[in-house]
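First comes the structure, then the notes that go with it.
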Amino acid sequence: MDLKRLKQKSVPYIFVLPYFFFFFLFVAIPVVIAVILSFTNFNAIQTPSFVGIKNYVDLFLQDEIFIRYVIPNTVVFAVIVGPGGYLLSFLLAWALSQTTKGPRTILALIIYSPSMTAGTTMAVIWKVLFSGDQLGYINNILIRFDIITEPIIFLQSKKFLLPVMIIVALWGSMGVGFLSMLAGLLNIDPSLYEAARIDGIRNRFQEMIYITIPSIKPQMLFGAIMAIVNAFKQSAIGVSLSGANPTPNYAGQLMVNHISDYGFIRYEMGYACAVSVILLLIIWFFSKGARILFKED
Amino acid sequence: MAIGQNSANPRKFQKSQLKIYAVLIPVALVMIFPILYIVNHAFKPMEELFAYPPKFFVSNPSLSNFYKLIRATVTSNVPVARYLFNSIFITICVLVFTLTFTTMAAYALSKMNFKGRKFLLGLNDIGLMFVAIALQIPRYLIVDKLGIHDTYYVHILSLIVLPVGLLLLKQFVDGVPDSLIEAARIDGAGEFKTFTSIIIPMLKPAMATVAILTFQEVWNNLETSQMYIDTDAFKTFAFYMHTLSSNTNTVAGQGLAAAATLILFVPNVVLFIIMQSKVMSTMATSGIK
């Protein structure tokens with residue numbers, strides 16, 4: 001092969017190299033390292049020693065906190081915040097697409113704005129709203145309407161920490177996926193709707209099922225994947241709200257917090273990596289599910 | 001219920017839209033409530049912060065929380081200007097690298113044919129699902145091995161990759177007609193020339209969108225400061241605001257926290273408002289097929 005052709009052939013690789021160099025360095029290689037370390041005992045100082053699948057066995061058979069608190073909490077949180085946030089994003093995007101441009105722009109900005117706040121910094125504000133003393137707004141309102149007599153210590157409570165986390169996460173779940181679905185909805189060919197009306201579609205609901213959703217499948221898939229990622233990304237919020245890891249009585253302990261707890265508080269990094277691998281598998285599994293759901297049939 | 005002329009993206013107000021507004025407006029109020037709360041709280045003078053029962057709206061707005069925020073830094077070793085400088089410097093560097101690298105990769109993945117193209121695209125799609133927090137331990141070890149622990153490099157390098165950005169840009173390049181690129185080639189332009197003179201100008205809306213997303217990612221980022229930085233002077237404004245506002249046990253601290261959150265939040269909103277039409281045109285092509 002002469003030099004010129006070689007040069008030609010290498011052009012695409014020169015274009016993708018810088019991006020994928022960093023992609024491998026900070027995404028792909030960490031995944032590989034996590035997998036390898038998950039089979040070791042590693043305290044971050046001494047050389048890791050190979051222990052086989054012991055970490056995984058311990059995780060599912062020995063780790064009482066993981067089984068009794070972390071798994072149920074994670075399932076409840078992810079099921080409500082993932083699909084719930086997604087449904088909310090879609091319905092709000094759809095509702096916005098039914099309004100005129102001026103009000104739509106303003107309302108869309110308001111609904112998207114929580115995504116622009118730094119999650120954990122925002123936790124500060126929620127802390128004040130749900131504060132356990134009389135100055136907490138929610139307590140104040142509940143007392144004023146005689147719903148409760150004593151203020152509830154929401155953020156240290158076994159019963160209320162997780163629901164508060166879910167509220168905060170849902171509040172922040174209208175992100176890029178929401179914008180994508182909104183843009184998709186606004187770009188549906190209007191002639192499709194006209195044809196549908198001739199075919200006998202009578203109301204907004206039928207229109208949504210037969211025309212709208214099939215037309216924006218790609219955006220729906222993008223939104224679904226972003227919703228899954230968002231559900232797991234926001235899950236660190238319990239520690240910010242309660243101010244402690246582990247969260248009080250493990251009430252808001254999710255997998256992400258379990259990883260930090262073992263990795264950076266107890267320095268059992270091999271074990272923490274095993275939890276990370278399981279978490280990555282869960283995310284991958286759900287994203288795959290979303291893909292199958294939205295594949296063109 | 002009958003639907004009007006154009007139920008999606010209507011041009012005019014119709015009565016049937018009232019139902020929609022009846023849902024949307026309360027939702028919008030709930031969404032904006034915490035933000036309105038920060039705005040009000042940030043401007044409350046001391047006596048109003050202590051008021052019982054607490055009042056939502058500020059009656060005598062004052063800048064005292066903002067002054068205190070600045071003064072709080074004078075007493076510690078690192079002035080607030082340093083944190084601000086760090087954040088601005090880091091954000092600009094990341095923006096330049098992310099936009100350059102991601103646009104280049106997007107162009108190659110969309111318009112060039114080469115071995116491994118499908119593989120890299122698939123890999124990026126998987127990257128889309130990755131949550132940084134799940135990889136914090138291996139990343140920590142890599143940063144340590146690279147010797148960039150506790151330097152500016154770690155802030156910049158570890159945030160360059162934004163898989164959503166590559167996806168958005170690639171989908172947008174897909175929409176650039178091939179005939180334009182062929183025409184440029186017939187005129188004798190090489191790949192690099194085509195890239196800079198044809199692709200970049202056409203990609204401006206998508207680049208603006210990725211810029212906003214990158215900005216949100218970097219400007220609000222706490223993890224790099226928390227995980228990889230030991231020296232206070234290398235930490236970011238967001239981190240500093242976060243530490244200040246974590247002391248919300250005191251009522252006065254809550255005022256400071258609100259002021260800090262507001263300062264952090266405003267640049268995001270301003271950028272988004274300026275670029276919102278570009279964002280929406282990019283998002284129209286954002287789907288995954």
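Starting from 1 in every chain, residues are counted up; chains themselves are A, B, ... following the order of the structure tokens, and ligands are numbered from 1 as listed.
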
Polymer residues at most 12 Å from stretch 73-77 of chain A, only C-alpha atoms, same-chain spacing of 2 or more positions, as a ChimeraX atom specification: /A:65-71,79-85,158-159,161-170,228,230-238,247,250-258,279,282-283

Would you mind writing down, as a compact mmCIF listing (two decimals) with N, CA and C atoms, in the first residue's frame, each residue of stretch 45-230 of chain B that DSSP on the backbone assigns to helix (DSSP H, G or I)?
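So the final result, stored in selection_0.txt, reads:
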# COMPACT_ATOMS: atom_id res chain seq x y z
N MET B 46 -31.31 39.00 58.13
CA MET B 46 -31.25 38.11 59.28
C MET B 46 -32.57 37.95 60.01
N GLU B 47 -33.23 39.09 60.33
CA GLU B 47 -34.43 38.96 61.16
C GLU B 47 -35.54 38.21 60.44
N GLU B 48 -35.59 38.28 59.12
CA GLU B 48 -36.63 37.54 58.41
C GLU B 48 -36.31 36.05 58.33
N LEU B 49 -35.03 35.72 58.34
CA LEU B 49 -34.64 34.30 58.35
C LEU B 49 -35.12 33.63 59.63
N SER B 64 -27.40 41.18 52.32
CA SER B 64 -26.50 40.82 53.42
C SER B 64 -25.95 39.40 53.29
N ASN B 65 -26.77 38.46 52.79
CA ASN B 65 -26.26 37.09 52.63
C ASN B 65 -25.11 37.03 51.64
N PHE B 66 -25.22 37.81 50.57
CA PHE B 66 -24.17 37.81 49.56
C PHE B 66 -22.89 38.43 50.11
N TYR B 67 -23.04 39.52 50.89
CA TYR B 67 -21.86 40.13 51.52
C TYR B 67 -21.18 39.13 52.44
N LYS B 68 -22.02 38.44 53.23
CA LYS B 68 -21.46 37.49 54.19
C LYS B 68 -20.73 36.36 53.49
N LEU B 69 -21.28 35.96 52.36
CA LEU B 69 -20.67 34.90 51.58
C LEU B 69 -19.25 35.31 51.16
N ILE B 70 -19.11 36.54 50.74
CA ILE B 70 -17.80 37.03 50.32
C ILE B 70 -16.88 37.20 51.53
N ARG B 71 -17.44 37.72 52.62
CA ARG B 71 -16.61 37.94 53.80
C ARG B 71 -16.16 36.62 54.42
N ALA B 72 -17.02 35.61 54.33
CA ALA B 72 -16.68 34.30 54.91
C ALA B 72 -15.38 33.77 54.32
N THR B 73 -15.14 34.13 53.07
CA THR B 73 -13.94 33.64 52.42
C THR B 73 -12.72 34.42 52.82
N VAL B 74 -12.91 35.68 53.17
CA VAL B 74 -11.76 36.51 53.55
C VAL B 74 -11.09 35.91 54.79
N THR B 75 -11.89 35.34 55.68
CA THR B 75 -11.32 34.79 56.91
C THR B 75 -10.59 33.46 56.65
N VAL B 80 -12.48 33.84 47.67
CA VAL B 80 -13.53 33.30 46.79
C VAL B 80 -13.17 33.49 45.33
N ALA B 81 -12.44 34.57 45.03
CA ALA B 81 -12.06 34.84 43.63
C ALA B 81 -11.24 33.68 43.07
N ARG B 82 -10.45 33.04 43.93
CA ARG B 82 -9.63 31.92 43.47
C ARG B 82 -10.51 30.75 43.01
N TYR B 83 -11.53 30.44 43.82
CA TYR B 83 -12.45 29.37 43.44
C TYR B 83 -13.16 29.69 42.15
N LEU B 84 -13.56 30.94 42.05
CA LEU B 84 -14.27 31.39 40.86
C LEU B 84 -13.36 31.26 39.64
N PHE B 85 -12.11 31.70 39.81
CA PHE B 85 -11.14 31.57 38.72
C PHE B 85 -10.97 30.11 38.32
N ASN B 86 -10.79 29.23 39.31
CA ASN B 86 -10.64 27.80 39.03
C ASN B 86 -11.80 27.30 38.18
N SER B 87 -13.02 27.61 38.63
CA SER B 87 -14.19 27.09 37.94
C SER B 87 -14.27 27.62 36.52
N ILE B 88 -14.02 28.92 36.35
CA ILE B 88 -14.12 29.50 35.00
C ILE B 88 -13.04 28.90 34.11
N PHE B 89 -11.81 28.83 34.62
CA PHE B 89 -10.71 28.28 33.85
C PHE B 89 -11.00 26.84 33.43
N ILE B 90 -11.42 26.02 34.40
CA ILE B 90 -11.69 24.61 34.12
C ILE B 90 -12.83 24.47 33.12
N THR B 91 -13.89 25.25 33.33
CA THR B 91 -15.05 25.14 32.43
C THR B 91 -14.65 25.50 31.00
N ILE B 92 -13.88 26.58 30.84
CA ILE B 92 -13.49 26.98 29.49
C ILE B 92 -12.63 25.90 28.83
N CYS B 93 -11.65 25.37 29.57
CA CYS B 93 -10.79 24.32 29.01
C CYS B 93 -11.61 23.12 28.58
N VAL B 94 -12.49 22.65 29.46
CA VAL B 94 -13.29 21.47 29.13
C VAL B 94 -14.15 21.76 27.91
N LEU B 95 -14.75 22.94 27.86
CA LEU B 95 -15.62 23.28 26.72
C LEU B 95 -14.84 23.20 25.41
N VAL B 96 -13.64 23.78 25.40
CA VAL B 96 -12.83 23.78 24.17
C VAL B 96 -12.50 22.35 23.75
N PHE B 97 -12.00 21.55 24.69
CA PHE B 97 -11.62 20.18 24.35
C PHE B 97 -12.84 19.34 23.97
N THR B 98 -13.88 19.41 24.77
CA THR B 98 -15.05 18.58 24.50
C THR B 98 -15.62 18.90 23.13
N LEU B 99 -15.79 20.19 22.84
CA LEU B 99 -16.40 20.55 21.56
C LEU B 99 -15.52 20.11 20.40
N THR B 100 -14.21 20.33 20.49
CA THR B 100 -13.32 19.95 19.39
C THR B 100 -13.33 18.44 19.19
N PHE B 101 -13.04 17.71 20.25
CA PHE B 101 -12.91 16.25 20.14
C PHE B 101 -14.23 15.60 19.74
N THR B 102 -15.32 16.04 20.35
CA THR B 102 -16.60 15.39 20.10
C THR B 102 -17.07 15.67 18.68
N THR B 103 -16.89 16.90 18.21
CA THR B 103 -17.32 17.22 16.85
C THR B 103 -16.52 16.41 15.83
N MET B 104 -15.21 16.32 16.06
CA MET B 104 -14.37 15.53 15.15
C MET B 104 -14.85 14.09 15.09
N ALA B 105 -15.04 13.49 16.26
CA ALA B 105 -15.47 12.09 16.31
C ALA B 105 -16.84 11.93 15.66
N ALA B 106 -17.74 12.89 15.91
CA ALA B 106 -19.09 12.80 15.36
C ALA B 106 -19.05 12.82 13.84
N TYR B 107 -18.22 13.68 13.28
CA TYR B 107 -18.10 13.77 11.82
C TYR B 107 -17.61 12.45 11.24
N ALA B 108 -16.53 11.91 11.82
CA ALA B 108 -15.98 10.66 11.31
C ALA B 108 -17.00 9.53 11.43
N LEU B 109 -17.68 9.45 12.57
CA LEU B 109 -18.62 8.35 12.80
C LEU B 109 -19.84 8.46 11.89
N SER B 110 -20.16 9.68 11.49
CA SER B 110 -21.35 9.85 10.67
C SER B 110 -21.06 9.73 9.18
N LYS B 111 -19.96 10.34 8.73
CA LYS B 111 -19.76 10.47 7.29
C LYS B 111 -18.59 9.68 6.71
N ARG B 117 -16.13 1.34 13.08
CA ARG B 117 -17.07 2.45 13.24
C ARG B 117 -18.28 2.02 14.08
N LYS B 118 -18.87 0.90 13.67
CA LYS B 118 -20.05 0.39 14.38
C LYS B 118 -19.72 0.09 15.84
N PHE B 119 -18.53 -0.49 16.02
CA PHE B 119 -18.10 -0.86 17.37
C PHE B 119 -18.00 0.38 18.26
N LEU B 120 -17.36 1.44 17.74
CA LEU B 120 -17.20 2.65 18.54
C LEU B 120 -18.55 3.29 18.85
N LEU B 121 -19.45 3.27 17.85
CA LEU B 121 -20.78 3.83 18.08
C LEU B 121 -21.51 3.07 19.18
N GLY B 122 -21.42 1.73 19.11
CA GLY B 122 -22.06 0.90 20.13
C GLY B 122 -21.47 1.16 21.50
N LEU B 123 -20.15 1.33 21.50
CA LEU B 123 -19.45 1.58 22.76
C LEU B 123 -19.92 2.90 23.38
N ASN B 124 -20.10 3.90 22.52
CA ASN B 124 -20.55 5.20 23.02
C ASN B 124 -21.97 5.11 23.57
N ASP B 125 -22.80 4.29 22.89
CA ASP B 125 -24.16 4.10 23.40
C ASP B 125 -24.14 3.46 24.78
N ILE B 126 -23.21 2.54 24.99
CA ILE B 126 -23.09 1.93 26.32
C ILE B 126 -22.58 3.00 27.29
N GLY B 127 -21.63 3.82 26.81
CA GLY B 127 -21.10 4.90 27.63
C GLY B 127 -22.18 5.84 28.11
N LEU B 128 -23.23 5.97 27.29
CA LEU B 128 -24.37 6.82 27.64
C LEU B 128 -25.01 6.36 28.94
N MET B 129 -24.97 5.04 29.15
CA MET B 129 -25.64 4.50 30.34
C MET B 129 -24.76 4.54 31.57
N ALA B 132 -21.17 7.91 36.41
CA ALA B 132 -19.81 8.13 36.90
C ALA B 132 -19.62 7.56 38.30
N ILE B 133 -20.68 7.70 39.09
CA ILE B 133 -20.60 7.35 40.48
C ILE B 133 -20.33 5.85 40.68
N ALA B 134 -20.77 5.02 39.71
CA ALA B 134 -20.56 3.58 39.85
C ALA B 134 -19.11 3.20 39.54
N LEU B 135 -18.39 4.14 38.91
CA LEU B 135 -17.01 3.83 38.53
C LEU B 135 -16.02 4.63 39.36
N GLN B 136 -16.47 5.17 40.47
CA GLN B 136 -15.60 6.10 41.18
C GLN B 136 -14.30 5.46 41.68
N ILE B 137 -14.34 4.20 42.05
CA ILE B 137 -13.13 3.58 42.59
C ILE B 137 -12.07 3.34 41.52
N PRO B 138 -12.41 2.63 40.41
CA PRO B 138 -11.37 2.48 39.37
C PRO B 138 -10.88 3.81 38.83
N ARG B 139 -11.76 4.80 38.69
CA ARG B 139 -11.34 6.10 38.20
C ARG B 139 -10.35 6.75 39.16
N TYR B 140 -10.62 6.55 40.42
CA TYR B 140 -9.73 7.09 41.44
C TYR B 140 -8.34 6.48 41.29
N LEU B 141 -8.30 5.16 41.05
CA LEU B 141 -7.02 4.48 40.90
C LEU B 141 -6.29 4.94 39.63
N ILE B 142 -7.04 5.15 38.55
CA ILE B 142 -6.42 5.59 37.30
C ILE B 142 -5.83 6.99 37.46
N VAL B 143 -6.60 7.86 38.07
CA VAL B 143 -6.13 9.22 38.30
C VAL B 143 -4.84 9.20 39.12
N ASP B 144 -4.81 8.32 40.09
CA ASP B 144 -3.63 8.18 40.93
C ASP B 144 -2.43 7.71 40.11
N LYS B 145 -2.63 6.67 39.29
CA LYS B 145 -1.56 6.11 38.45
C LYS B 145 -1.04 7.14 37.44
N LEU B 146 -1.95 7.93 36.89
CA LEU B 146 -1.53 8.93 35.90
C LEU B 146 -0.74 10.07 36.54
N TYR B 152 -4.80 20.58 38.26
CA TYR B 152 -5.87 21.06 37.39
C TYR B 152 -6.23 20.02 36.33
N TYR B 153 -5.21 19.23 35.92
CA TYR B 153 -5.45 18.28 34.84
C TYR B 153 -6.63 17.36 35.13
N VAL B 154 -6.72 16.91 36.37
CA VAL B 154 -7.76 15.93 36.67
C VAL B 154 -9.15 16.53 36.51
N HIS B 155 -9.29 17.79 36.89
CA HIS B 155 -10.58 18.47 36.69
C HIS B 155 -10.95 18.45 35.21
N ILE B 156 -9.96 18.77 34.38
CA ILE B 156 -10.23 18.95 32.95
C ILE B 156 -10.36 17.61 32.24
N LEU B 157 -9.33 16.76 32.39
CA LEU B 157 -9.28 15.52 31.61
C LEU B 157 -10.42 14.58 31.93
N PRO B 163 -20.73 11.29 26.55
CA PRO B 163 -21.35 10.45 25.52
C PRO B 163 -22.63 11.03 24.94
N VAL B 164 -23.44 11.72 25.76
CA VAL B 164 -24.65 12.34 25.22
C VAL B 164 -24.28 13.34 24.14
N GLY B 165 -23.20 14.06 24.36
CA GLY B 165 -22.76 15.06 23.40
C GLY B 165 -22.41 14.43 22.07
N LEU B 166 -21.67 13.32 22.10
CA LEU B 166 -21.31 12.66 20.85
C LEU B 166 -22.56 12.17 20.14
N LEU B 167 -23.48 11.60 20.88
CA LEU B 167 -24.71 11.11 20.27
C LEU B 167 -25.46 12.25 19.58
N LEU B 168 -25.66 13.37 20.29
CA LEU B 168 -26.41 14.49 19.72
C LEU B 168 -25.73 15.02 18.47
N LEU B 169 -24.41 15.19 18.54
CA LEU B 169 -23.68 15.73 17.39
C LEU B 169 -23.72 14.78 16.21
N LYS B 170 -23.54 13.49 16.48
CA LYS B 170 -23.52 12.50 15.40
C LYS B 170 -24.87 12.50 14.67
N GLN B 171 -25.96 12.51 15.43
CA GLN B 171 -27.28 12.51 14.80
C GLN B 171 -27.47 13.77 13.97
N PHE B 172 -26.89 14.86 14.44
CA PHE B 172 -27.04 16.14 13.73
C PHE B 172 -26.24 16.11 12.42
N VAL B 173 -25.01 15.54 12.48
CA VAL B 173 -24.20 15.44 11.25
C VAL B 173 -24.90 14.54 10.23
N ASP B 174 -25.60 13.49 10.73
CA ASP B 174 -26.34 12.63 9.82
C ASP B 174 -27.27 13.44 8.92
N ASP B 178 -25.04 14.59 2.07
CA ASP B 178 -23.75 14.10 1.54
C ASP B 178 -23.29 14.93 0.34
N SER B 179 -24.28 15.44 -0.43
CA SER B 179 -23.92 16.17 -1.65
C SER B 179 -23.04 17.39 -1.32
N LEU B 180 -23.29 18.00 -0.17
CA LEU B 180 -22.49 19.17 0.23
C LEU B 180 -21.03 18.77 0.42
N ILE B 181 -20.85 17.61 1.07
CA ILE B 181 -19.50 17.15 1.35
C ILE B 181 -18.81 16.75 0.06
N GLU B 182 -19.56 16.07 -0.84
CA GLU B 182 -18.98 15.69 -2.12
C GLU B 182 -18.58 16.91 -2.93
N ALA B 183 -19.44 17.92 -2.91
CA ALA B 183 -19.14 19.15 -3.64
C ALA B 183 -17.82 19.75 -3.16
N ALA B 184 -17.64 19.74 -1.83
CA ALA B 184 -16.41 20.29 -1.26
C ALA B 184 -15.21 19.48 -1.73
N ARG B 185 -15.39 18.15 -1.80
CA ARG B 185 -14.29 17.29 -2.23
C ARG B 185 -13.93 17.53 -3.69
N ILE B 186 -14.96 17.74 -4.52
CA ILE B 186 -14.70 18.00 -5.94
C ILE B 186 -13.90 19.29 -6.08
N GLU B 191 -10.24 16.14 3.94
CA GLU B 191 -11.16 15.89 5.05
C GLU B 191 -11.13 17.01 6.09
N PHE B 192 -9.94 17.49 6.39
CA PHE B 192 -9.83 18.51 7.43
C PHE B 192 -10.44 19.83 6.99
N LYS B 193 -10.21 20.14 5.71
CA LYS B 193 -10.77 21.37 5.15
C LYS B 193 -12.30 21.26 5.12
N THR B 194 -12.81 20.11 4.69
CA THR B 194 -14.26 19.89 4.66
C THR B 194 -14.83 20.06 6.06
N PHE B 195 -14.14 19.48 7.00
CA PHE B 195 -14.59 19.53 8.38
C PHE B 195 -14.71 20.97 8.87
N THR B 196 -13.64 21.75 8.63
CA THR B 196 -13.67 23.12 9.19
C THR B 196 -14.55 24.06 8.38
N SER B 197 -14.64 23.85 7.06
CA SER B 197 -15.39 24.85 6.29
C SER B 197 -16.85 24.45 6.02
N ILE B 198 -17.16 23.16 6.04
CA ILE B 198 -18.55 22.75 5.78
C ILE B 198 -19.25 22.29 7.07
N ILE B 199 -18.62 21.34 7.75
CA ILE B 199 -19.31 20.70 8.88
C ILE B 199 -19.47 21.67 10.07
N ILE B 200 -18.38 22.26 10.50
CA ILE B 200 -18.46 23.12 11.69
C ILE B 200 -19.53 24.21 11.55
N PRO B 201 -19.55 24.97 10.43
CA PRO B 201 -20.59 26.00 10.36
C PRO B 201 -22.01 25.44 10.44
N MET B 202 -22.22 24.23 9.85
CA MET B 202 -23.57 23.67 9.87
C MET B 202 -23.95 23.12 11.24
N LYS B 204 -23.38 24.42 14.17
CA LYS B 204 -23.41 25.40 15.27
C LYS B 204 -24.52 25.18 16.30
N PRO B 205 -25.77 24.93 15.86
CA PRO B 205 -26.81 24.74 16.89
C PRO B 205 -26.50 23.55 17.80
N ALA B 206 -26.06 22.45 17.19
CA ALA B 206 -25.77 21.26 18.00
C ALA B 206 -24.58 21.52 18.92
N MET B 207 -23.60 22.26 18.42
CA MET B 207 -22.44 22.56 19.27
C MET B 207 -22.85 23.45 20.44
N ALA B 208 -23.76 24.38 20.17
CA ALA B 208 -24.25 25.23 21.26
C ALA B 208 -24.93 24.38 22.33
N THR B 209 -25.70 23.40 21.87
CA THR B 209 -26.41 22.53 22.81
C THR B 209 -25.43 21.71 23.66
N VAL B 210 -24.45 21.13 22.97
CA VAL B 210 -23.47 20.34 23.71
C VAL B 210 -22.69 21.25 24.67
N ALA B 211 -22.45 22.49 24.23
CA ALA B 211 -21.77 23.43 25.11
C ALA B 211 -22.56 23.66 26.39
N ILE B 212 -23.87 23.80 26.25
CA ILE B 212 -24.71 24.02 27.44
C ILE B 212 -24.67 22.80 28.37
N LEU B 213 -24.81 21.61 27.77
CA LEU B 213 -24.79 20.39 28.59
C LEU B 213 -23.45 20.24 29.29
N THR B 214 -22.37 20.51 28.55
CA THR B 214 -21.04 20.41 29.14
C THR B 214 -20.91 21.43 30.27
N PHE B 215 -21.39 22.62 30.01
CA PHE B 215 -21.31 23.66 31.04
C PHE B 215 -22.01 23.21 32.32
N GLN B 216 -23.22 22.66 32.17
CA GLN B 216 -23.96 22.20 33.35
C GLN B 216 -23.18 21.11 34.09
N GLU B 217 -22.58 20.22 33.32
CA GLU B 217 -21.84 19.10 33.88
C GLU B 217 -20.63 19.61 34.68
N VAL B 218 -19.89 20.53 34.08
CA VAL B 218 -18.62 20.96 34.66
C VAL B 218 -18.82 22.00 35.75
N TRP B 219 -19.62 22.98 35.46
CA TRP B 219 -19.83 24.10 36.39
C TRP B 219 -20.43 23.61 37.71
N GLU B 223 -17.79 16.26 42.28
CA GLU B 223 -17.05 15.01 42.48
C GLU B 223 -15.55 15.18 42.30
N THR B 224 -15.12 15.87 41.23
CA THR B 224 -13.68 15.93 41.00
C THR B 224 -12.99 16.61 42.19
N SER B 225 -13.61 17.66 42.73
CA SER B 225 -13.00 18.33 43.88
C SER B 225 -13.01 17.43 45.11
N GLN B 226 -14.13 16.71 45.27
CA GLN B 226 -14.26 15.85 46.45
C GLN B 226 -13.31 14.67 46.41
N MET B 227 -13.16 14.08 45.20
CA MET B 227 -12.45 12.82 45.10
C MET B 227 -10.96 12.98 44.85
N TYR B 228 -10.60 13.92 43.98
CA TYR B 228 -9.22 13.92 43.49
C TYR B 228 -8.38 15.08 43.98

Residue nearest chain A - candidates B:Ile148, B:Ile288, B:Val270, B:Ala238, atoms counted: only C-alpha atoms: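 Going through B:Ile148, B:Ile288, B:Val270, B:Ala238 one by one, the smallest distance to chain A is for B:Ile288.
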
Shell around A:Pro48 at 8 Å using only C-alpha atoms, local window under 6 positions removed, as a list in words: Leu37, Thr40, Asn41, Phe42 and Gly270 of chain A

Go through stretch 133-213 of chain A and flag each residue having an atom no more than 10 Å from stretch 30-41 of chain B; for those, report the closest pair of atoms plus their distance in Å to one decimal, using only C-alpha atoms, ordered by chain and rising number, as CSV.
residue,atom,partner,partner_atom,distance
A:Leu170,CA,B:Met31,CA,9.9
A:Trp171,CA,B:Met31,CA,6.5
A:Gly172,CA,B:Met31,CA,8.5
A:Met174,CA,B:Met31,CA,9.9

Atom CA of A:Phe160 to atom CA of A:Gly243, straight-line distance in Å: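 Between atom CA of A:Gly243 and atom CA of A:Phe160 the gap works out to 14.8 Å.
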
Might you pull out every residue within 12 Å of A:Leu281, with only C-alpha atoms counted and same-chain residues fewer than 4 positions away left off, and present them as a PDB file with N, CA and C atoms, in the first residue's frame?
ATOM      1  N   VAL A  31     -14.243   0.361  33.756  1.00  0.00           N
ATOM      2  CA  VAL A  31     -15.173  -0.767  33.837  1.00  0.00           C
ATOM      3  C   VAL A  31     -14.368  -2.066  33.971  1.00  0.00           C
ATOM      4  N   ALA A  34     -12.838  -2.323  37.383  1.00  0.00           N
ATOM      5  CA  ALA A  34     -13.851  -2.650  38.388  1.00  0.00           C
ATOM      6  C   ALA A  34     -14.132  -4.138  38.386  1.00  0.00           C
ATOM      7  N   VAL A  35     -14.245  -4.704  37.182  1.00  0.00           N
ATOM      8  CA  VAL A  35     -14.533  -6.128  37.077  1.00  0.00           C
ATOM      9  C   VAL A  35     -13.386  -6.941  37.697  1.00  0.00           C
ATOM     10  N   ALA A 274     -17.256  -4.974  43.536  1.00  0.00           N
ATOM     11  CA  ALA A 274     -18.261  -5.993  43.239  1.00  0.00           C
ATOM     12  C   ALA A 274     -19.655  -5.351  43.218  1.00  0.00           C
ATOM     13  N   VAL A 275     -19.917  -4.456  44.175  1.00  0.00           N
ATOM     14  CA  VAL A 275     -21.211  -3.763  44.185  1.00  0.00           C
ATOM     15  C   VAL A 275     -21.347  -2.902  42.928  1.00  0.00           C
ATOM     16  N   SER A 276     -20.235  -2.222  42.539  1.00  0.00           N
ATOM     17  CA  SER A 276     -20.265  -1.392  41.327  1.00  0.00           C
ATOM     18  C   SER A 276     -20.606  -2.222  40.097  1.00  0.00           C
ATOM     19  N   VAL A 277     -19.999  -3.412  40.002  1.00  0.00           N
ATOM     20  CA  VAL A 277     -20.242  -4.255  38.836  1.00  0.00           C
ATOM     21  C   VAL A 277     -21.711  -4.647  38.776  1.00  0.00           C
ATOM     22  N   PHE A 285     -28.796  -3.806  31.943  1.00  0.00           N
ATOM     23  CA  PHE A 285     -29.956  -4.674  31.748  1.00  0.00           C
ATOM     24  C   PHE A 285     -31.207  -3.850  31.420  1.00  0.00           C
ATOM     25  N   PHE A 286     -31.430  -2.793  32.189  1.00  0.00           N
ATOM     26  CA  PHE A 286     -32.629  -1.977  31.957  1.00  0.00           C
ATOM     27  C   PHE A 286     -32.543  -1.210  30.641  1.00  0.00           C
ATOM     28  N   SER A 287     -31.338  -0.724  30.318  1.00  0.00           N
ATOM     29  CA  SER A 287     -31.187   0.001  29.057  1.00  0.00           C
ATOM     30  C   SER A 287     -31.438  -0.920  27.878  1.00  0.00           C
ATOM     31  N   LYS A 288     -30.949  -2.146  28.003  1.00  0.00           N
ATOM     32  CA  LYS A 288     -31.178  -3.147  26.966  1.00  0.00           C
ATOM     33  C   LYS A 288     -32.688  -3.389  26.819  1.00  0.00           C
TER      34      LYS A 288
ATOM     35  N   ILE B 126     -23.209   2.538  24.989  1.00  0.00           N
ATOM     36  CA  ILE B 126     -23.091   1.935  26.315  1.00  0.00           C
ATOM     37  C   ILE B 126     -22.577   3.001  27.289  1.00  0.00           C
ATOM     38  N   MET B 129     -24.970   5.040  29.154  1.00  0.00           N
ATOM     39  CA  MET B 129     -25.640   4.499  30.338  1.00  0.00           C
ATOM     40  C   MET B 129     -24.764   4.539  31.566  1.00  0.00           C
ATOM     41  N   PHE B 130     -23.477   4.872  31.363  1.00  0.00           N
ATOM     42  CA  PHE B 130     -22.628   4.722  32.530  1.00  0.00           C
ATOM     43  C   PHE B 130     -22.855   5.886  33.494  1.00  0.00           C
ATOM     44  N   VAL B 131     -22.879   5.571  34.747  1.00  0.00           N
ATOM     45  CA  VAL B 131     -23.088   6.580  35.773  1.00  0.00           C
ATOM     46  C   VAL B 131     -21.744   6.731  36.486  1.00  0.00           C
ATOM     47  N   ALA B 134     -20.773   5.020  39.713  1.00  0.00           N
ATOM     48  CA  ALA B 134     -20.555   3.582  39.847  1.00  0.00           C
ATOM     49  C   ALA B 134     -19.112   3.203  39.545  1.00  0.00           C
TER      50      ALA B 134
END
